[in-house]
file upload.cif (mmCIF, C-alpha atoms)
data_coords
#
loop_
_atom_site.label_atom_id
_atom_site.label_comp_id
_atom_site.auth_asym_id
_atom_site.auth_seq_id
_atom_site.Cartn_x
_atom_site.Cartn_y
_atom_site.Cartn_z
CA MET K 271 -37.57 29.73 -20.26
CA ALA K 272 -33.92 29.84 -19.29
CA LEU K 273 -31.02 30.18 -21.66
CA GLU K 274 -31.14 27.63 -24.47
CA ILE K 275 -28.63 24.80 -24.67
CA GLY K 276 -25.79 25.88 -26.96
CA HIS K 277 -26.20 29.56 -26.08
CA SER K 278 -23.04 31.48 -25.23
CA ALA K 279 -22.43 32.62 -21.68
CA TYR K 280 -23.26 36.25 -21.06
CA ASP K 281 -20.45 38.29 -19.66
CA PHE K 282 -20.85 40.17 -16.40
CA SER K 283 -18.93 42.37 -14.04
CA LEU K 284 -19.91 41.63 -10.47
CA PRO K 285 -18.37 42.22 -7.06
CA GLY K 286 -17.35 39.19 -5.06
CA VAL K 287 -17.36 38.76 -1.32
CA ASP K 288 -13.54 38.71 -1.45
CA GLY K 289 -13.43 42.34 -2.61
CA LYS K 290 -12.57 41.54 -6.24
CA THR K 291 -14.69 42.20 -9.31
CA TYR K 292 -15.26 39.22 -11.57
CA SER K 293 -16.10 38.73 -15.22
CA LEU K 294 -15.95 35.73 -17.55
CA LYS K 295 -12.31 36.33 -18.45
CA ASP K 296 -11.32 35.58 -14.86
CA PHE K 297 -12.27 31.96 -15.47
CA ALA K 298 -10.83 31.62 -18.98
CA ASP K 299 -8.10 29.21 -17.85
CA LYS K 300 -10.66 26.55 -16.89
CA PRO K 301 -12.17 24.27 -19.56
CA VAL K 302 -15.52 24.08 -17.75
CA LEU K 303 -17.52 26.83 -16.08
CA VAL K 304 -20.26 26.07 -13.58
CA LEU K 305 -22.25 29.21 -12.93
CA PHE K 306 -25.02 28.90 -10.40
CA PHE K 307 -27.62 31.18 -8.89
CA TRP K 308 -27.38 31.04 -5.15
CA CYS K 309 -28.34 32.93 -2.02
CA ASN K 310 -28.17 32.71 1.76
CA HIS K 311 -31.76 32.31 2.86
CA CYS K 312 -33.19 29.54 0.70
CA PRO K 313 -33.47 26.13 2.39
CA TYR K 314 -32.80 24.37 -0.90
CA VAL K 315 -29.51 26.22 -1.18
CA LYS K 316 -28.72 25.19 2.38
CA ALA K 317 -29.64 21.59 1.61
CA TYR K 318 -27.21 21.60 -1.31
CA GLU K 319 -24.49 23.77 0.18
CA ASP K 320 -22.17 21.02 1.40
CA ARG K 321 -22.63 19.03 -1.80
CA VAL K 322 -21.72 21.98 -4.00
CA ILE K 323 -18.71 22.85 -1.83
CA ALA K 324 -17.51 19.24 -2.05
CA LEU K 325 -17.86 19.18 -5.83
CA ALA K 326 -16.06 22.51 -6.18
CA LYS K 327 -13.19 21.17 -4.09
CA GLU K 328 -13.09 17.96 -6.11
CA PHE K 329 -12.90 19.68 -9.50
CA GLY K 330 -11.60 23.12 -8.53
CA ASP K 331 -8.32 22.76 -10.42
CA ARG K 332 -10.07 22.12 -13.74
CA VAL K 333 -13.51 23.65 -13.33
CA ALA K 334 -14.50 27.19 -12.41
CA PHE K 335 -17.40 27.40 -9.98
CA VAL K 336 -19.12 30.77 -9.65
CA ALA K 337 -22.02 31.50 -7.32
CA ILE K 338 -24.25 34.50 -8.01
CA ASN K 339 -26.81 35.97 -5.65
CA SER K 340 -29.43 38.06 -7.45
CA ASN K 341 -32.04 38.25 -4.70
CA ASP K 342 -33.41 41.60 -3.58
CA PRO K 343 -31.93 42.12 -0.10
CA THR K 344 -34.50 44.76 0.82
CA GLN K 345 -37.07 41.95 0.95
CA TYR K 346 -34.65 39.30 2.22
CA PRO K 347 -32.03 41.00 4.40
CA GLU K 348 -30.15 37.74 4.93
CA ASP K 349 -29.23 37.90 1.23
CA SER K 350 -27.43 41.24 1.58
CA PHE K 351 -23.83 41.60 0.44
CA GLU K 352 -22.66 41.78 4.04
CA LYS K 353 -24.50 38.58 4.93
CA MET K 354 -23.06 36.94 1.80
CA LYS K 355 -19.57 37.70 3.06
CA GLU K 356 -20.41 36.16 6.42
CA ARG K 357 -21.87 33.02 4.86
CA ALA K 358 -18.96 32.51 2.49
CA GLN K 359 -16.49 32.85 5.33
CA GLU K 360 -18.48 30.66 7.70
CA LYS K 361 -18.74 27.82 5.19
CA GLY K 362 -15.36 28.37 3.55
CA TYR K 363 -16.74 28.71 0.04
CA PRO K 364 -14.05 27.51 -2.38
CA PHE K 365 -15.60 29.60 -5.18
CA PRO K 366 -16.32 33.30 -5.80
CA TYR K 367 -19.66 34.42 -4.40
CA LEU K 368 -20.89 37.37 -6.46
CA PHE K 369 -23.61 39.92 -5.86
CA ASP K 370 -25.89 40.76 -8.79
CA GLU K 371 -27.41 43.84 -7.21
CA THR K 372 -29.18 45.06 -10.36
CA GLN K 373 -30.44 41.53 -11.10
CA SER K 374 -29.30 42.03 -14.70
CA VAL K 375 -27.29 38.80 -14.75
CA ALA K 376 -30.22 36.73 -13.52
CA HIS K 377 -32.39 38.37 -16.16
CA ALA K 378 -29.79 37.71 -18.89
CA TYR K 379 -29.53 34.04 -17.96
CA GLN K 380 -33.30 33.89 -17.47
CA ALA K 381 -32.70 32.21 -14.15
CA THR K 382 -35.71 31.72 -11.91
CA ARG K 383 -34.56 29.71 -8.90
CA THR K 384 -31.91 29.27 -6.27
CA PRO K 385 -30.11 27.00 -6.68
CA GLU K 386 -30.04 26.85 -10.49
CA PHE K 387 -27.01 25.57 -12.39
CA PHE K 388 -25.57 26.46 -15.81
CA VAL K 389 -22.62 24.38 -17.04
CA PHE K 390 -20.56 25.75 -19.95
CA ASP K 391 -17.86 24.08 -22.04
CA GLU K 392 -14.49 25.51 -23.02
CA GLU K 393 -16.09 27.66 -25.72
CA ARG K 394 -18.48 28.87 -23.04
CA GLU K 395 -21.47 27.33 -24.74
CA LEU K 396 -24.21 26.11 -22.44
CA LYS K 397 -24.21 22.31 -22.18
CA TYR K 398 -26.30 21.70 -19.08
CA HIS K 399 -28.93 23.68 -17.25
CA GLY K 400 -31.03 22.72 -14.25
CA ARG K 401 -30.79 21.09 -10.86
CA PHE K 402 -27.73 19.78 -9.07
CA ASP K 403 -28.90 16.21 -8.64
CA ASP K 404 -32.08 14.17 -8.35
CA ASN K 405 -32.58 14.20 -4.58
CA TRP K 406 -32.42 17.43 -2.59
CA GLU K 407 -33.94 15.71 0.39
CA HIS K 408 -31.65 12.75 0.93
CA PRO K 409 -28.04 13.15 -0.21
CA ASP K 410 -27.43 9.46 0.44
CA GLN K 411 -30.18 8.48 -1.98
CA VAL K 412 -29.00 10.47 -4.98
CA LYS K 413 -29.02 8.42 -8.16
CA GLN K 414 -28.30 11.08 -10.78
CA GLU K 415 -25.65 13.71 -10.21
CA PHE K 416 -26.50 15.96 -13.13
CA VAL K 417 -23.91 18.71 -12.62
CA ARG K 418 -21.14 16.27 -11.77
CA ASP K 419 -21.97 14.09 -14.78
CA ALA K 420 -22.00 17.15 -17.06
CA ILE K 421 -18.59 18.24 -15.76
CA ILE K 422 -17.08 14.80 -16.32
CA ALA K 423 -18.57 14.56 -19.81
CA LEU K 424 -17.20 17.97 -20.78
CA LEU K 425 -13.75 17.24 -19.36
CA ASN K 426 -13.78 14.11 -21.55
CA ASN K 427 -14.91 16.16 -24.58
CA GLU K 428 -18.22 14.35 -24.57
CA VAL K 429 -21.81 15.60 -24.60
CA PRO K 430 -23.53 15.40 -21.21
CA HIS K 431 -26.20 12.73 -21.09
CA TYR K 432 -28.70 15.20 -19.61
CA SER K 433 -28.74 18.71 -21.03
CA GLN K 434 -31.75 20.05 -19.12
CA THR K 435 -33.59 19.29 -15.91
CA PRO K 436 -36.10 21.49 -14.11
CA PRO K 437 -34.35 23.49 -11.40
CA ILE K 438 -35.76 23.03 -7.93
CA GLY K 439 -35.53 25.64 -5.20
CA CYS K 440 -36.79 29.01 -4.07
CA THR K 441 -37.75 31.59 -6.64
CA ILE K 442 -35.35 34.45 -7.24
CA LYS K 443 -36.65 37.43 -5.28
CA TRP K 444 -37.10 40.15 -7.84
CA LYS K 445 -37.19 43.81 -6.94
CA GLN K 446 -40.70 45.22 -6.70
CA MET I 201 -58.27 17.55 15.80
CA ARG I 202 -57.58 20.55 13.57
CA ILE I 203 -54.64 20.00 11.27
CA GLU I 204 -53.41 22.79 9.01
CA LEU I 205 -50.81 22.89 6.28
CA LEU I 206 -50.04 26.40 5.11
CA TYR I 207 -47.92 26.90 2.04
CA TYR I 208 -46.51 29.51 -0.30
CA PRO I 209 -46.75 28.17 -3.86
CA GLU I 210 -43.35 29.47 -4.93
CA CYS I 211 -41.72 26.99 -2.56
CA PRO I 212 -41.81 23.52 -4.10
CA SER I 213 -41.92 21.63 -0.82
CA HIS I 214 -45.62 21.63 0.05
CA GLU I 215 -46.64 18.46 -1.78
CA ARG I 216 -43.91 16.50 -0.08
CA ALA I 217 -44.83 18.22 3.19
CA LEU I 218 -48.38 16.98 2.84
CA GLU I 219 -47.13 13.43 2.22
CA LEU I 220 -44.94 13.62 5.32
CA LEU I 221 -47.78 15.05 7.40
CA GLN I 222 -50.16 12.31 6.29
CA GLU I 223 -47.54 9.68 7.03
CA ALA I 224 -46.97 11.13 10.51
CA LEU I 225 -50.73 11.20 11.18
CA ARG I 226 -51.02 7.57 10.15
CA MET I 227 -48.13 6.61 12.41
CA GLU I 228 -49.77 8.43 15.32
CA GLY I 229 -53.15 6.86 14.61
CA ILE I 230 -54.88 10.12 13.77
CA ASP I 231 -57.62 10.03 11.18
CA ALA I 232 -58.47 13.64 10.50
CA PRO I 233 -58.58 15.84 7.41
CA VAL I 234 -55.77 18.23 6.63
CA GLU I 235 -56.82 21.80 5.96
CA ILE I 236 -54.60 23.15 3.22
CA ILE I 237 -54.20 26.92 3.19
CA ARG I 238 -52.48 28.71 0.35
CA ILE I 239 -50.67 31.93 1.21
CA ASP I 240 -50.11 34.32 -1.67
CA THR I 241 -49.77 37.76 -0.15
CA GLN I 242 -47.98 39.45 2.70
CA ALA I 243 -51.35 40.37 4.18
CA GLN I 244 -52.36 36.70 4.21
CA ALA I 245 -48.99 35.80 5.75
CA GLU I 246 -49.62 38.22 8.58
CA ALA I 247 -53.23 37.17 9.04
CA HIS I 248 -52.22 33.51 9.30
CA ARG I 249 -49.02 34.14 11.34
CA PHE I 250 -47.12 32.49 8.53
CA ILE I 251 -43.32 32.54 8.88
CA GLY I 252 -42.67 30.48 5.77
CA SER I 253 -43.57 27.47 3.69
CA PRO I 254 -44.45 24.87 4.75
CA THR I 255 -46.04 25.66 8.10
CA ILE I 256 -47.81 22.79 9.83
CA ARG I 257 -50.06 23.25 12.86
CA ILE I 258 -51.75 20.54 14.87
CA GLU I 259 -54.45 21.97 17.10
CA GLY I 260 -52.60 25.26 16.82
CA ILE I 261 -49.29 23.70 17.85
CA GLU I 262 -46.74 24.50 15.21
CA VAL I 263 -44.13 22.06 14.02
CA ASP I 264 -40.80 23.73 14.85
CA PRO I 265 -42.20 27.05 16.10
CA HIS I 266 -40.16 30.21 15.73
CA PRO I 267 -42.07 33.09 17.28
CA GLU I 268 -39.07 35.35 16.77
CA LEU I 269 -39.35 35.20 12.97
CA PRO I 270 -41.36 37.72 10.96
CA TYR I 271 -44.45 36.77 8.97
CA ARG I 272 -43.51 36.68 5.29
CA LEU I 273 -43.55 34.90 1.97
CA THR I 274 -40.55 32.63 2.03
CA CYS I 275 -39.43 29.02 2.17
CA ARG I 276 -38.61 27.68 5.61
CA THR I 277 -35.48 25.92 6.74
CA PHE I 278 -35.77 23.12 9.27
CA ILE I 279 -32.88 21.67 11.23
CA HIS I 280 -33.31 17.92 11.51
CA GLU I 281 -32.22 15.78 14.44
CA ASP I 282 -28.98 14.87 12.65
CA GLY I 283 -28.17 18.55 12.10
CA ARG I 284 -29.07 18.51 8.43
CA LEU I 285 -30.78 21.60 6.99
CA SER I 286 -33.89 20.89 4.98
CA PRO I 287 -36.84 22.70 3.38
CA LEU I 288 -39.07 20.15 5.16
CA PRO I 289 -39.56 19.13 8.76
CA SER I 290 -38.60 15.57 9.62
CA LEU I 291 -41.20 12.94 10.39
CA THR I 292 -39.99 13.01 13.99
CA MET I 293 -40.63 16.74 14.27
CA ILE I 294 -44.17 16.36 12.94
CA ARG I 295 -44.89 13.38 15.20
CA GLN I 296 -43.67 15.33 18.23
CA ALA I 297 -46.11 18.14 17.45
CA ILE I 298 -48.93 15.61 17.05
CA ARG I 299 -48.09 14.00 20.40
CA GLN I 300 -47.92 17.39 22.05
CA ALA I 301 -51.32 18.26 20.62
CA LYS I 302 -52.72 14.94 21.91
CA GLU I 303 -51.40 15.69 25.39
CA VAL I 304 -52.87 19.18 25.41
CA SER I 305 -56.14 17.78 24.12
CA ASN I 306 -56.22 15.07 26.82
CA ASP I 307 -55.39 17.58 29.55
CA GLY I 308 -58.24 19.77 28.47
CA THR I 309 -60.91 17.08 28.54
#
call {"tool": "encode", "arguments": {"input": "upload.cif", "output": "C-alpha cells"}}
result
Amino acid sequence: MALEIGHSAYDFSLPGVDGKTYSLKDFADKPVLVLFFWCNHCPYVKAYEDRVIALAKEFGDRVAFVAINSNDPTQYPEDSFEKMKERAQEKGYPFPYLFDETQSVAHAYQATRTPEFFVFDEERELKYHGRFDDNWEHPDQVKQEFVRDAIIALLNNEVPHYSQTPPIGCTIKWKQ
Amino acid sequence: MRIELLYYPECPSHERALELLQEALRMEGIDAPVEIIRIDTQAQAEAHRFIGSPTIRIEGIEVDPHPELPYRLTCRTFIHEDGRLSPLPSLTMIRQAIRQAKEVSNDGT
C-alpha cells in the first residue's frame, strides 16, 4: 500500500545530481508537486523518459517535478549516483534528480516501483498516485494521461478524475 | 522446435511478451509449445544464462542476444528498429530469431 490519497507529503533532504541538496521547501513556490520514483536501469523508466521530460518542460513554470532514485546501487551499479549524473546530463533532465541512498524516502512514501508518480496540490496533499499514462508500450496510443490530467485539474483547483492507478514498472531494488 | 520464455516475476512484461511471442510464431507458421521458465533467484539466473526479463530463445537462439551482460534478476531493455527503448522486444526482433532458428535447423538436417 502506498501513501493514501489526502496524505501530506513527507519532507526529505536528498542530494541532487547538480550538487545541491533538496527538500520540500525548495519547491514551495509551485502550486503542484510531481514527485516520482525513478532510476537509470529500468526499461519502463526508459520507455517513459522522453514523455516525462516533455511534460516537465511543458509545465515547468507552474509545476515542480522531482525525480528520486532509491535503488540499491550495489546490486544495480547503473543506478549509482555517478551514473545518475551522467544520465541526467545526457538526457538534459529539466528536473532535480535526487539520490535516496538510505531508501528512507521510498519507505516513507511506500513506493514500490520505478516509475511511480505522486502528485501533490498546493497544500502538499496527495491527489494522485500511480502510473504516468495508460500505455507504456505505445506512446502514440495513449488514451489516458493520468499525471498530466491530475496536474491540469489541480492547476484549475479541481479534483483529478483519477486519484489512483496501479504503478507499472520495475520493483525498487531494496538493500539486502 | 524448442521455444523458451524465461521471466522474472517482478518485471511486469512477461505476459505481454508471451502474447508477442505467440503472435510471432503464428506469423512464421510455427506451431510449437512455449516453455515458460520462471526465474526467482540469482542461482537460477546463472543456471539459465538469464540476463533479464523477458528472455526468449528459439532453438537456443536468443532474441536480441547480449553475451556481454551479466546473469541477474532484472528487467531487460530492448532497442526497437525505430530507436525506441522498450521492456519488450519488437515483433520483428522475435520473427528474426525464429527465421534464424529455422535456417540453422534446415542447415542441420
call {"tool": "resolve_selection", "arguments": {"input": "upload.cif", "expression": "the PyMOL selection byres ((chain K and resi 439) around 6)", "output": "count of residues only"}}
result
6
call {"tool": "residues_around", "arguments": {"input": "upload.cif", "residues": "segment 278-288 of chain I", "least_positions_apart": "6", "cutoff": "7 Å", "atoms": "all atoms listed in the file", "output": "list in words"}}
result
Pro313, Tyr314, Lys316, Ala317 and Glu407 of chain K; Ser213 and Ala217 of chain I
call {"tool": "resolve_selection", "arguments": {"input": "upload.cif", "expression": "the PyMOL selection byres ((chain K and resi 284-287) around 7)", "output": "list in words"}}
result
Phe282, Ser283, Asp288, Gly289, Lys290, Thr291, Tyr292, Ser293, Met354, Lys355, Pro366, Tyr367, Leu368, Phe369 and Asp370 of chain K
call {"tool": "closest_residue", "arguments": {"input": "upload.cif", "among": "K:Val429, K:Ala334, K:Leu396, K:Ala298", "to": "Tyr379 of chain K", "atoms": "only C-alpha atoms"}}
result
K:Leu396
call {"tool": "residues_around", "arguments": {"input": "upload.cif", "residues": "Asn427 of chain K", "least_positions_apart": "2", "cutoff": "12 Å", "atoms": "all atoms listed in the file", "output": "list in words"}}
result
Pro301, Val302, Asp391, Glu392, Glu393, Lys397, Ala420, Ile421, Ile422, Ala423, Leu424, Leu425, Val429 and Pro430 of chain K
call {"tool": "residues_around", "arguments": {"input": "upload.cif", "residues": "Ala358 of chain K", "least_positions_apart": "2", "cutoff": "12 Å", "atoms": "only C-alpha atoms", "output": "ChimeraX atom specification"}}
result
/K:286-288,308-310,319-320,323,337-339,349,351-356,360-368
call {"tool": "write_last_selection", "arguments": {"input": "upload.cif", "atoms": "C-alpha atoms", "output": "compact mmCIF listing (two decimals), in the frame of the given file"}}
result
# COMPACT_ATOMS: atom_id res chain seq x y z
CA GLY K 286 -17.35 39.19 -5.06
CA VAL K 287 -17.36 38.76 -1.32
CA ASP K 288 -13.54 38.71 -1.45
CA TRP K 308 -27.38 31.04 -5.15
CA CYS K 309 -28.34 32.93 -2.02
CA ASN K 310 -28.17 32.71 1.76
CA GLU K 319 -24.49 23.77 0.18
CA ASP K 320 -22.17 21.02 1.40
CA ILE K 323 -18.71 22.85 -1.83
CA ALA K 337 -22.02 31.50 -7.32
CA ILE K 338 -24.25 34.50 -8.01
CA ASN K 339 -26.81 35.97 -5.65
CA ASP K 349 -29.23 37.90 1.23
CA PHE K 351 -23.83 41.60 0.44
CA GLU K 352 -22.66 41.78 4.04
CA LYS K 353 -24.50 38.58 4.93
CA MET K 354 -23.06 36.94 1.80
CA LYS K 355 -19.57 37.70 3.06
CA GLU K 356 -20.41 36.16 6.42
CA GLU K 360 -18.48 30.66 7.70
CA LYS K 361 -18.74 27.82 5.19
CA GLY K 362 -15.36 28.37 3.55
CA TYR K 363 -16.74 28.71 0.04
CA PRO K 364 -14.05 27.51 -2.38
CA PHE K 365 -15.60 29.60 -5.18
CA PRO K 366 -16.32 33.30 -5.80
CA TYR K 367 -19.66 34.42 -4.40
CA LEU K 368 -20.89 37.37 -6.46
